[in-house]
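Source file: query_34.cif. Holds: mmCIF, N, CA and C atoms.
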data_entry
#
loop_
_atom_site.group_PDB
_atom_site.id
_atom_site.type_symbol
_atom_site.label_atom_id
_atom_site.label_comp_id
_atom_site.auth_asym_id
_atom_site.auth_seq_id
_atom_site.Cartn_x
_atom_site.Cartn_y
_atom_site.Cartn_z
ATOM 1 N N MET A 560 0.848 -1.172 0.000
ATOM 2 C CA MET A 560 0.000 0.000 0.000
ATOM 3 C C MET A 560 0.893 1.234 0.000
ATOM 4 N N ALA A 561 0.776 2.035 -0.979
ATOM 5 C CA ALA A 561 1.588 3.243 -1.089
ATOM 6 C C ALA A 561 0.827 4.435 -0.503
ATOM 7 N N LEU A 562 1.513 5.187 0.320
ATOM 8 C CA LEU A 562 0.926 6.377 0.920
ATOM 9 C C LEU A 562 1.477 7.611 0.240
ATOM 10 N N ASP A 563 0.635 8.611 0.071
ATOM 11 C CA ASP A 563 1.110 9.862 -0.501
ATOM 12 C C ASP A 563 1.362 10.879 0.614
ATOM 13 N N LYS A 564 1.922 12.016 0.238
ATOM 14 C CA LYS A 564 2.286 13.025 1.225
ATOM 15 C C LYS A 564 1.072 13.572 1.965
ATOM 16 N N ALA A 565 -0.056 13.697 1.280
ATOM 17 C CA ALA A 565 -1.258 14.234 1.922
ATOM 18 C C ALA A 565 -1.768 13.287 3.004
ATOM 19 N N THR A 566 -1.724 11.983 2.726
ATOM 20 C CA THR A 566 -2.167 10.997 3.719
ATOM 21 C C THR A 566 -1.244 11.003 4.929
ATOM 22 N N VAL A 567 0.058 11.091 4.690
ATOM 23 C CA VAL A 567 1.018 11.136 5.796
ATOM 24 C C VAL A 567 0.816 12.406 6.618
ATOM 25 N N ALA A 568 0.544 13.516 5.972
ATOM 26 C CA ALA A 568 0.294 14.758 6.699
ATOM 27 C C ALA A 568 -0.957 14.630 7.559
ATOM 28 N N HIS A 569 -1.977 13.958 7.044
ATOM 29 C CA HIS A 569 -3.207 13.756 7.816
ATOM 30 C C HIS A 569 -2.946 12.838 9.015
ATOM 31 N N ILE A 570 -2.199 11.765 8.791
ATOM 32 C CA ILE A 570 -1.864 10.843 9.893
ATOM 33 C C ILE A 570 -1.050 11.579 10.950
ATOM 34 N N ALA A 571 -0.101 12.406 10.522
ATOM 35 C CA ALA A 571 0.728 13.156 11.470
ATOM 36 C C ALA A 571 -0.117 14.127 12.279
ATOM 37 N N SER A 572 -1.090 14.757 11.650
ATOM 38 C CA SER A 572 -1.935 15.688 12.407
ATOM 39 C C SER A 572 -2.816 14.944 13.405
ATOM 40 N N LEU A 573 -3.288 13.752 13.031
ATOM 41 C CA LEU A 573 -4.087 12.965 13.971
ATOM 42 C C LEU A 573 -3.253 12.508 15.164
ATOM 43 N N ALA A 574 -1.979 12.208 14.905
ATOM 44 C CA ALA A 574 -1.081 11.754 15.968
ATOM 45 C C ALA A 574 -0.423 12.915 16.698
ATOM 46 N N ARG A 575 -0.766 14.147 16.320
ATOM 47 C CA ARG A 575 -0.189 15.351 16.924
ATOM 48 C C ARG A 575 1.333 15.362 16.787
ATOM 49 N N ILE A 576 1.802 15.000 15.577
ATOM 50 C CA ILE A 576 3.229 15.011 15.266
ATOM 51 C C ILE A 576 3.455 16.093 14.224
ATOM 52 N N ARG A 577 4.384 16.974 14.503
ATOM 53 C CA ARG A 577 4.687 18.051 13.555
ATOM 54 C C ARG A 577 5.758 17.559 12.594
ATOM 55 N N LEU A 578 5.419 17.525 11.317
ATOM 56 C CA LEU A 578 6.363 17.140 10.271
ATOM 57 C C LEU A 578 6.502 18.282 9.283
ATOM 58 N N GLY A 579 7.745 18.555 8.891
ATOM 59 C CA GLY A 579 7.977 19.560 7.866
ATOM 60 C C GLY A 579 7.703 18.981 6.486
ATOM 61 N N ASP A 580 7.597 19.853 5.494
ATOM 62 C CA ASP A 580 7.337 19.392 4.131
ATOM 63 C C ASP A 580 8.449 18.485 3.618
ATOM 64 N N ASP A 581 9.689 18.733 4.061
ATOM 65 C CA ASP A 581 10.796 17.900 3.617
ATOM 66 C C ASP A 581 10.787 16.522 4.273
ATOM 67 N N GLU A 582 10.045 16.352 5.353
ATOM 68 C CA GLU A 582 9.984 15.068 6.058
ATOM 69 C C GLU A 582 8.842 14.182 5.581
ATOM 70 N N LEU A 583 7.889 14.735 4.844
ATOM 71 C CA LEU A 583 6.702 13.970 4.452
ATOM 72 C C LEU A 583 7.033 12.839 3.476
ATOM 73 N N GLU A 584 7.851 13.116 2.476
ATOM 74 C CA GLU A 584 8.163 12.095 1.470
ATOM 75 C C GLU A 584 8.928 10.905 2.060
ATOM 76 N N PRO A 585 10.005 11.117 2.852
ATOM 77 C CA PRO A 585 10.671 9.958 3.469
ATOM 78 C C PRO A 585 9.754 9.188 4.425
ATOM 79 N N MET A 586 8.898 9.917 5.148
ATOM 80 C CA MET A 586 7.972 9.254 6.064
ATOM 81 C C MET A 586 6.943 8.430 5.302
ATOM 82 N N ALA A 587 6.492 8.936 4.162
ATOM 83 C CA ALA A 587 5.539 8.193 3.335
ATOM 84 C C ALA A 587 6.169 6.892 2.846
ATOM 85 N N ALA A 588 7.427 6.945 2.432
ATOM 86 C CA ALA A 588 8.120 5.734 1.970
ATOM 87 C C ALA A 588 8.284 4.738 3.108
ATOM 88 N N GLU A 589 8.647 5.229 4.292
ATOM 89 C CA GLU A 589 8.854 4.341 5.438
ATOM 90 C C GLU A 589 7.544 3.689 5.886
ATOM 91 N N LEU A 590 6.488 4.473 5.983
ATOM 92 C CA LEU A 590 5.192 3.914 6.377
ATOM 93 C C LEU A 590 4.663 2.941 5.329
ATOM 94 N N SER A 591 4.923 3.205 4.054
ATOM 95 C CA SER A 591 4.501 2.282 2.995
ATOM 96 C C SER A 591 5.214 0.948 3.131
ATOM 97 N N GLN A 592 6.504 0.967 3.470
ATOM 98 C CA GLN A 592 7.244 -0.277 3.679
ATOM 99 C C GLN A 592 6.669 -1.061 4.855
ATOM 100 N N ILE A 593 6.317 -0.373 5.919
ATOM 101 C CA ILE A 593 5.739 -1.043 7.097
ATOM 102 C C ILE A 593 4.404 -1.680 6.731
ATOM 103 N N LEU A 594 3.566 -0.955 6.015
ATOM 104 C CA LEU A 594 2.261 -1.500 5.618
ATOM 105 C C LEU A 594 2.412 -2.675 4.658
ATOM 106 N N ASN A 595 3.401 -2.629 3.775
ATOM 107 C CA ASN A 595 3.657 -3.766 2.882
ATOM 108 C C ASN A 595 4.077 -4.995 3.669
ATOM 109 N N PHE A 596 4.897 -4.809 4.713
ATOM 110 C CA PHE A 596 5.292 -5.936 5.554
ATOM 111 C C PHE A 596 4.087 -6.521 6.279
ATOM 112 N N VAL A 597 3.202 -5.686 6.782
ATOM 113 C CA VAL A 597 1.999 -6.168 7.468
ATOM 114 C C VAL A 597 1.112 -6.936 6.494
ATOM 115 N N GLU A 598 1.021 -6.479 5.244
ATOM 116 C CA GLU A 598 0.244 -7.205 4.241
ATOM 117 C C GLU A 598 0.853 -8.575 3.972
ATOM 118 N N GLN A 599 2.171 -8.693 4.009
ATOM 119 C CA GLN A 599 2.818 -9.994 3.847
ATOM 120 C C GLN A 599 2.472 -10.915 5.001
ATOM 121 N N LEU A 600 2.428 -10.384 6.220
ATOM 122 C CA LEU A 600 2.063 -11.203 7.375
ATOM 123 C C LEU A 600 0.637 -11.714 7.264
ATOM 124 N N ASP A 601 -0.224 -10.955 6.620
ATOM 125 C CA ASP A 601 -1.618 -11.356 6.458
ATOM 126 C C ASP A 601 -1.747 -12.583 5.550
ATOM 127 N N GLU A 602 -0.749 -12.838 4.720
ATOM 128 C CA GLU A 602 -0.786 -13.974 3.809
ATOM 129 C C GLU A 602 -0.423 -15.293 4.493
ATOM 130 N N VAL A 603 0.134 -15.247 5.685
ATOM 131 C CA VAL A 603 0.551 -16.455 6.397
ATOM 132 C C VAL A 603 -0.683 -17.213 6.872
ATOM 133 N N ASN A 604 -0.694 -18.517 6.641
ATOM 134 C CA ASN A 604 -1.806 -19.362 7.062
ATOM 135 C C ASN A 604 -1.676 -19.660 8.550
ATOM 136 N N THR A 605 -2.633 -19.199 9.325
ATOM 137 C CA THR A 605 -2.613 -19.421 10.776
ATOM 138 C C THR A 605 -3.775 -20.290 11.238
ATOM 139 N N ASP A 606 -4.372 -21.041 10.323
ATOM 140 C CA ASP A 606 -5.471 -21.930 10.709
ATOM 141 C C ASP A 606 -4.946 -23.012 11.646
ATOM 142 N N GLY A 607 -5.637 -23.227 12.738
ATOM 143 C CA GLY A 607 -5.266 -24.264 13.688
ATOM 144 C C GLY A 607 -4.153 -23.869 14.636
ATOM 145 N N VAL A 608 -3.692 -22.623 14.584
ATOM 146 C CA VAL A 608 -2.647 -22.160 15.491
ATOM 147 C C VAL A 608 -3.317 -21.461 16.663
ATOM 148 N N ALA A 609 -3.060 -21.959 17.855
ATOM 149 C CA ALA A 609 -3.681 -21.377 19.051
ATOM 150 C C ALA A 609 -3.024 -20.041 19.389
ATOM 151 N N PRO A 610 -3.799 -19.064 19.828
ATOM 152 C CA PRO A 610 -3.210 -17.785 20.237
ATOM 153 C C PRO A 610 -2.287 -17.982 21.429
ATOM 154 N N MET A 611 -1.223 -17.194 21.470
ATOM 155 C CA MET A 611 -0.247 -17.308 22.556
ATOM 156 C C MET A 611 -0.109 -15.967 23.267
ATOM 157 N N THR A 612 0.126 -16.024 24.549
ATOM 158 C CA THR A 612 0.449 -14.818 25.292
ATOM 159 C C THR A 612 1.925 -14.778 25.635
ATOM 160 N N SER A 613 2.596 -15.920 25.501
ATOM 161 C CA SER A 613 4.020 -16.004 25.795
ATOM 162 C C SER A 613 4.602 -17.182 25.031
ATOM 163 N N VAL A 614 5.893 -17.136 24.774
ATOM 164 C CA VAL A 614 6.536 -18.255 24.090
ATOM 165 C C VAL A 614 6.818 -19.397 25.051
ATOM 166 N N ALA A 615 6.780 -19.132 26.337
ATOM 167 C CA ALA A 615 7.010 -20.158 27.352
ATOM 168 C C ALA A 615 5.673 -20.576 27.955
ATOM 169 N N ALA A 616 5.507 -21.871 28.155
ATOM 170 C CA ALA A 616 4.267 -22.390 28.742
ATOM 171 C C ALA A 616 4.347 -22.255 30.258
ATOM 172 N N ILE A 617 4.011 -21.076 30.741
ATOM 173 C CA ILE A 617 4.105 -20.781 32.171
ATOM 174 C C ILE A 617 2.712 -20.442 32.687
ATOM 175 N N SER A 618 2.409 -20.919 33.877
ATOM 176 C CA SER A 618 1.167 -20.512 34.526
ATOM 177 C C SER A 618 1.521 -19.817 35.840
ATOM 178 N N LEU A 619 0.717 -18.866 36.209
ATOM 179 C CA LEU A 619 0.973 -18.124 37.435
ATOM 180 C C LEU A 619 0.591 -18.954 38.649
ATOM 181 N N PRO A 620 1.342 -18.824 39.724
ATOM 182 C CA PRO A 620 0.971 -19.550 40.936
ATOM 183 C C PRO A 620 -0.330 -18.996 41.500
ATOM 184 N N MET A 621 -1.177 -19.873 41.983
ATOM 185 C CA MET A 621 -2.461 -19.463 42.532
ATOM 186 C C MET A 621 -2.438 -19.636 44.051
ATOM 187 N N ARG A 622 -3.180 -18.821 44.743
ATOM 188 C CA ARG A 622 -3.321 -18.945 46.191
ATOM 189 C C ARG A 622 -4.802 -18.882 46.522
ATOM 190 N N ASP A 623 -5.148 -19.346 47.685
ATOM 191 C CA ASP A 623 -6.531 -19.285 48.126
ATOM 192 C C ASP A 623 -6.933 -17.829 48.324
ATOM 193 N N ASP A 624 -8.134 -17.503 47.926
ATOM 194 C CA ASP A 624 -8.644 -16.151 48.060
ATOM 195 C C ASP A 624 -9.337 -16.033 49.404
ATOM 196 N N ILE A 625 -8.574 -15.637 50.406
ATOM 197 C CA ILE A 625 -9.072 -15.546 51.770
ATOM 198 C C ILE A 625 -9.038 -14.086 52.203
ATOM 199 N N VAL A 626 -10.151 -13.600 52.743
ATOM 200 C CA VAL A 626 -10.224 -12.227 53.217
ATOM 201 C C VAL A 626 -9.601 -12.163 54.604
ATOM 202 N N THR A 627 -8.637 -11.254 54.767
ATOM 203 C CA THR A 627 -8.005 -11.045 56.078
ATOM 204 C C THR A 627 -7.965 -9.549 56.354
ATOM 205 N N ASP A 628 -7.678 -9.198 57.580
ATOM 206 C CA ASP A 628 -7.547 -7.791 57.920
ATOM 207 C C ASP A 628 -6.109 -7.317 57.774
ATOM 208 N N GLY A 629 -5.204 -8.180 57.373
ATOM 209 C CA GLY A 629 -3.811 -7.816 57.199
ATOM 210 C C GLY A 629 -2.984 -8.026 58.451
ATOM 211 N N ALA A 630 -3.626 -8.086 59.586
ATOM 212 C CA ALA A 630 -2.977 -8.357 60.871
ATOM 213 C C ALA A 630 -1.861 -7.372 61.189
ATOM 214 N N CYS A 631 -1.950 -6.150 60.676
ATOM 215 C CA CYS A 631 -0.911 -5.164 60.989
ATOM 216 C C CYS A 631 -1.508 -3.771 61.135
ATOM 217 N N ARG A 632 -2.726 -3.693 61.671
ATOM 218 C CA ARG A 632 -3.406 -2.411 61.786
ATOM 219 C C ARG A 632 -2.602 -1.424 62.623
ATOM 220 N N ASP A 633 -2.069 -1.872 63.739
ATOM 221 C CA ASP A 633 -1.334 -0.962 64.617
ATOM 222 C C ASP A 633 -0.081 -0.417 63.937
ATOM 223 N N ALA A 634 0.578 -1.230 63.146
ATOM 224 C CA ALA A 634 1.771 -0.772 62.435
ATOM 225 C C ALA A 634 1.402 0.258 61.369
ATOM 226 N N VAL A 635 0.275 0.052 60.677
ATOM 227 C CA VAL A 635 -0.157 0.990 59.649
ATOM 228 C C VAL A 635 -0.610 2.296 60.286
ATOM 229 N N ILE A 636 -1.415 2.218 61.323
ATOM 230 C CA ILE A 636 -1.896 3.419 62.010
ATOM 231 C C ILE A 636 -0.720 4.161 62.644
ATOM 232 N N GLY A 637 0.314 3.449 63.041
ATOM 233 C CA GLY A 637 1.489 4.076 63.646
ATOM 234 C C GLY A 637 2.201 5.014 62.686
ATOM 235 N N ASN A 638 2.048 4.826 61.372
ATOM 236 C CA ASN A 638 2.674 5.704 60.385
ATOM 237 C C ASN A 638 1.858 6.967 60.121
ATOM 238 N N ALA A 639 0.629 7.009 60.590
ATOM 239 C CA ALA A 639 -0.241 8.153 60.331
ATOM 240 C C ALA A 639 0.175 9.337 61.197
ATOM 241 N N PRO A 640 0.030 10.561 60.675
ATOM 242 C CA PRO A 640 0.359 11.727 61.501
ATOM 243 C C PRO A 640 -0.608 11.911 62.664
ATOM 244 N N GLY A 641 -1.827 11.356 62.530
ATOM 245 C CA GLY A 641 -2.785 11.444 63.618
ATOM 246 C C GLY A 641 -3.765 10.288 63.547
ATOM 247 N N ALA A 642 -4.137 9.747 64.695
ATOM 248 C CA ALA A 642 -5.084 8.637 64.726
ATOM 249 C C ALA A 642 -6.011 8.818 65.914
ATOM 250 N N THR A 643 -7.271 8.373 65.735
ATOM 251 C CA THR A 643 -8.261 8.435 66.799
ATOM 252 C C THR A 643 -9.028 7.132 66.824
ATOM 253 N N ARG A 644 -9.028 6.447 67.944
ATOM 254 C CA ARG A 644 -9.759 5.189 68.152
ATOM 255 C C ARG A 644 -9.500 4.167 67.034
ATOM 256 N N GLY A 645 -8.249 4.085 66.567
ATOM 257 C CA GLY A 645 -7.886 3.085 65.578
ATOM 258 C C GLY A 645 -8.152 3.488 64.137
ATOM 259 N N PHE A 646 -8.469 4.746 63.896
ATOM 260 C CA PHE A 646 -8.716 5.239 62.542
ATOM 261 C C PHE A 646 -7.795 6.425 62.258
ATOM 262 N N TYR A 647 -7.588 6.707 60.969
ATOM 263 C CA TYR A 647 -6.824 7.889 60.587
ATOM 264 C C TYR A 647 -7.614 9.123 60.990
ATOM 265 N N ALA A 648 -6.922 10.111 61.525
ATOM 266 C CA ALA A 648 -7.553 11.386 61.855
ATOM 267 C C ALA A 648 -7.145 12.393 60.780
ATOM 268 N N VAL A 649 -8.136 12.966 60.109
ATOM 269 C CA VAL A 649 -7.882 13.932 59.039
ATOM 270 C C VAL A 649 -8.633 15.209 59.351
ATOM 271 N N PRO A 650 -8.195 16.333 58.773
ATOM 272 C CA PRO A 650 -8.918 17.577 59.009
ATOM 273 C C PRO A 650 -10.309 17.513 58.367
ATOM 274 N N LYS A 651 -11.259 18.177 59.001
ATOM 275 C CA LYS A 651 -12.626 18.232 58.487
ATOM 276 C C LYS A 651 -12.649 19.103 57.247
ATOM 277 N N VAL A 652 -13.237 18.588 56.158
ATOM 278 C CA VAL A 652 -13.277 19.341 54.910
ATOM 279 C C VAL A 652 -14.696 19.689 54.494
ATOM 280 N N VAL A 653 -15.698 19.081 55.107
ATOM 281 C CA VAL A 653 -17.100 19.337 54.760
ATOM 282 C C VAL A 653 -17.809 19.804 56.017
ATOM 283 N N GLU A 654 -18.543 20.886 55.892
ATOM 284 C CA GLU A 654 -19.320 21.398 57.032
ATOM 285 C C GLU A 654 -20.659 20.697 57.109
#
For this file, produce the structure as structure tokens.
Amino acid sequence: MALDKATVAHIASLARIRLGDDELEPMAAELSQILNFVEQLDEVNTDGVAPMTSVAAISLPMRDDIVTDGACRDAVIGNAPGATRGFYAVPKVVE
């Protein structure tokens, strides 16, 4: 797919990229080469090929989903500049 200078200028404006008039022609050639390569990839037969997320067959370790309180409330509250009855104390912002 060959791109002309007007199309490249439009793409650059959509991408908020400032290109000078002298840069449009080389950019058009470069983008045309990229699009030609993508068209070649489209010709590859991928029937029966499962989608992959990684080249290595790895699964993430799983753990039981158990709700806890973290067991460190006092340590967390201890980092606060102010605390009242086990809660963070903040300045009043709403009357």
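A straight line drawn from atom CA of Arg575 of chain A to atom CA of Asn595 of chain A is 24.0 Å long.
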Can you tell me, as a list of chain:residue names, which residues in chain A count as strand (DSSP E) by DSSP?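 Across chain A, those assigned strand (DSSP E) are A:Ala642, A:Thr643, A:Phe646, A:Tyr647.
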Give me a file of those residues, with N, CA and C atoms, as a PDB file, in the frame of the given file.
ATOM      1  N   ALA A 642      -4.137   9.747  64.695  1.00  0.00           N
ATOM      2  CA  ALA A 642      -5.084   8.637  64.726  1.00  0.00           C
ATOM      3  C   ALA A 642      -6.011   8.818  65.914  1.00  0.00           C
ATOM      4  N   THR A 643      -7.271   8.373  65.735  1.00  0.00           N
ATOM      5  CA  THR A 643      -8.261   8.435  66.799  1.00  0.00           C
ATOM      6  C   THR A 643      -9.028   7.132  66.824  1.00  0.00           C
ATOM      7  N   PHE A 646      -8.469   4.746  63.896  1.00  0.00           N
ATOM      8  CA  PHE A 646      -8.716   5.239  62.542  1.00  0.00           C
ATOM      9  C   PHE A 646      -7.795   6.425  62.258  1.00  0.00           C
ATOM     10  N   TYR A 647      -7.588   6.707  60.969  1.00  0.00           N
ATOM     11  CA  TYR A 647      -6.824   7.889  60.587  1.00  0.00           C
ATOM     12  C   TYR A 647      -7.614   9.123  60.990  1.00  0.00           C
TER      13      TYR A 647
END
Identify, with DSSP run on backbone atoms, the residues in segment 582-627 of chain A assigned to alpha helix (DSSP H), and express the list as a list in words.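 Output for segment 582-627 of chain A, alpha helix (DSSP H) only: Glu582, Leu583, Glu584, Pro585, Met586, Ala587, Ala588, Glu589, Leu590, Ser591, Gln592, Ile593, Leu594, Asn595, Phe596, Val597, Glu598, Gln599, Leu600 and Asp601 of chain A.
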Selection from above, N, CA and C atoms, as a PDB file, keeping the file's coordinate frame, can you write it?
ATOM      1  N   GLU A 582      10.045  16.352   5.353  1.00  0.00           N
ATOM      2  CA  GLU A 582       9.984  15.068   6.058  1.00  0.00           C
ATOM      3  C   GLU A 582       8.842  14.182   5.581  1.00  0.00           C
ATOM      4  N   LEU A 583       7.889  14.735   4.844  1.00  0.00           N
ATOM      5  CA  LEU A 583       6.702  13.970   4.452  1.00  0.00           C
ATOM      6  C   LEU A 583       7.033  12.839   3.476  1.00  0.00           C
ATOM      7  N   GLU A 584       7.851  13.116   2.476  1.00  0.00           N
ATOM      8  CA  GLU A 584       8.163  12.095   1.470  1.00  0.00           C
ATOM      9  C   GLU A 584       8.928  10.905   2.060  1.00  0.00           C
ATOM     10  N   PRO A 585      10.005  11.117   2.852  1.00  0.00           N
ATOM     11  CA  PRO A 585      10.671   9.958   3.469  1.00  0.00           C
ATOM     12  C   PRO A 585       9.754   9.188   4.425  1.00  0.00           C
ATOM     13  N   MET A 586       8.898   9.917   5.148  1.00  0.00           N
ATOM     14  CA  MET A 586       7.972   9.254   6.064  1.00  0.00           C
ATOM     15  C   MET A 586       6.943   8.430   5.302  1.00  0.00           C
ATOM     16  N   ALA A 587       6.492   8.936   4.162  1.00  0.00           N
ATOM     17  CA  ALA A 587       5.539   8.193   3.335  1.00  0.00           C
ATOM     18  C   ALA A 587       6.169   6.892   2.846  1.00  0.00           C
ATOM     19  N   ALA A 588       7.427   6.945   2.432  1.00  0.00           N
ATOM     20  CA  ALA A 588       8.120   5.734   1.970  1.00  0.00           C
ATOM     21  C   ALA A 588       8.284   4.738   3.108  1.00  0.00           C
ATOM     22  N   GLU A 589       8.647   5.229   4.292  1.00  0.00           N
ATOM     23  CA  GLU A 589       8.854   4.341   5.438  1.00  0.00           C
ATOM     24  C   GLU A 589       7.544   3.689   5.886  1.00  0.00           C
ATOM     25  N   LEU A 590       6.488   4.473   5.983  1.00  0.00           N
ATOM     26  CA  LEU A 590       5.192   3.914   6.377  1.00  0.00           C
ATOM     27  C   LEU A 590       4.663   2.941   5.329  1.00  0.00           C
ATOM     28  N   SER A 591       4.923   3.205   4.054  1.00  0.00           N
ATOM     29  CA  SER A 591       4.501   2.282   2.995  1.00  0.00           C
ATOM     30  C   SER A 591       5.214   0.948   3.131  1.00  0.00           C
ATOM     31  N   GLN A 592       6.504   0.967   3.470  1.00  0.00           N
ATOM     32  CA  GLN A 592       7.244  -0.277   3.679  1.00  0.00           C
ATOM     33  C   GLN A 592       6.669  -1.061   4.855  1.00  0.00           C
ATOM     34  N   ILE A 593       6.317  -0.373   5.919  1.00  0.00           N
ATOM     35  CA  ILE A 593       5.739  -1.043   7.097  1.00  0.00           C
ATOM     36  C   ILE A 593       4.404  -1.680   6.731  1.00  0.00           C
ATOM     37  N   LEU A 594       3.566  -0.955   6.015  1.00  0.00           N
ATOM     38  CA  LEU A 594       2.261  -1.500   5.618  1.00  0.00           C
ATOM     39  C   LEU A 594       2.412  -2.675   4.658  1.00  0.00           C
ATOM     40  N   ASN A 595       3.401  -2.629   3.775  1.00  0.00           N
ATOM     41  CA  ASN A 595       3.657  -3.766   2.882  1.00  0.00           C
ATOM     42  C   ASN A 595       4.077  -4.995   3.669  1.00  0.00           C
ATOM     43  N   PHE A 596       4.897  -4.809   4.713  1.00  0.00           N
ATOM     44  CA  PHE A 596       5.292  -5.936   5.554  1.00  0.00           C
ATOM     45  C   PHE A 596       4.087  -6.521   6.279  1.00  0.00           C
ATOM     46  N   VAL A 597       3.202  -5.686   6.782  1.00  0.00           N
ATOM     47  CA  VAL A 597       1.999  -6.168   7.468  1.00  0.00           C
ATOM     48  C   VAL A 597       1.112  -6.936   6.494  1.00  0.00           C
ATOM     49  N   GLU A 598       1.021  -6.479   5.244  1.00  0.00           N
ATOM     50  CA  GLU A 598       0.244  -7.205   4.241  1.00  0.00           C
ATOM     51  C   GLU A 598       0.853  -8.575   3.972  1.00  0.00           C
ATOM     52  N   GLN A 599       2.171  -8.693   4.009  1.00  0.00           N
ATOM     53  CA  GLN A 599       2.818  -9.994   3.847  1.00  0.00           C
ATOM     54  C   GLN A 599       2.472 -10.915   5.001  1.00  0.00           C
ATOM     55  N   LEU A 600       2.428 -10.384   6.220  1.00  0.00           N
ATOM     56  CA  LEU A 600       2.063 -11.203   7.375  1.00  0.00           C
ATOM     57  C   LEU A 600       0.637 -11.714   7.264  1.00  0.00           C
ATOM     58  N   ASP A 601      -0.224 -10.955   6.620  1.00  0.00           N
ATOM     59  CA  ASP A 601      -1.618 -11.356   6.458  1.00  0.00           C
ATOM     60  C   ASP A 601      -1.747 -12.583   5.550  1.00  0.00           C
TER      61      ASP A 601
END
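On the file presented, the PyMOL selection byres ((chain A and resi 561-565) around 6.5) picks out Met560, Thr566, Val567, Ala568, His569, Ile570, Leu583, Glu584, Ala587, Ala588, Leu590 and Ser591 of chain A.
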Please enumerate the residues selected by the PyMOL selection byres ((chain A and resi 645) around 8) when evaluated against the supplied file, formatted as a list in words. Arg632, Asp633, Ile636, Ala642, Thr643, Arg644, Phe646, Tyr647 and Ala648 of chain A
Please, what distance in Å, to one decimal, runs between atom CA of Asp623 of chain A and atom CA of Pro610 of chain A?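 Going from atom CA of Asp623 of chain A over to atom CA of Pro610 of chain A, I get 28.1 Å.
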Work out how far apart atom N of Thr605 of chain A and atom CA of Ile593 of chain A are and give it in Å to one decimal. 20.1 Å
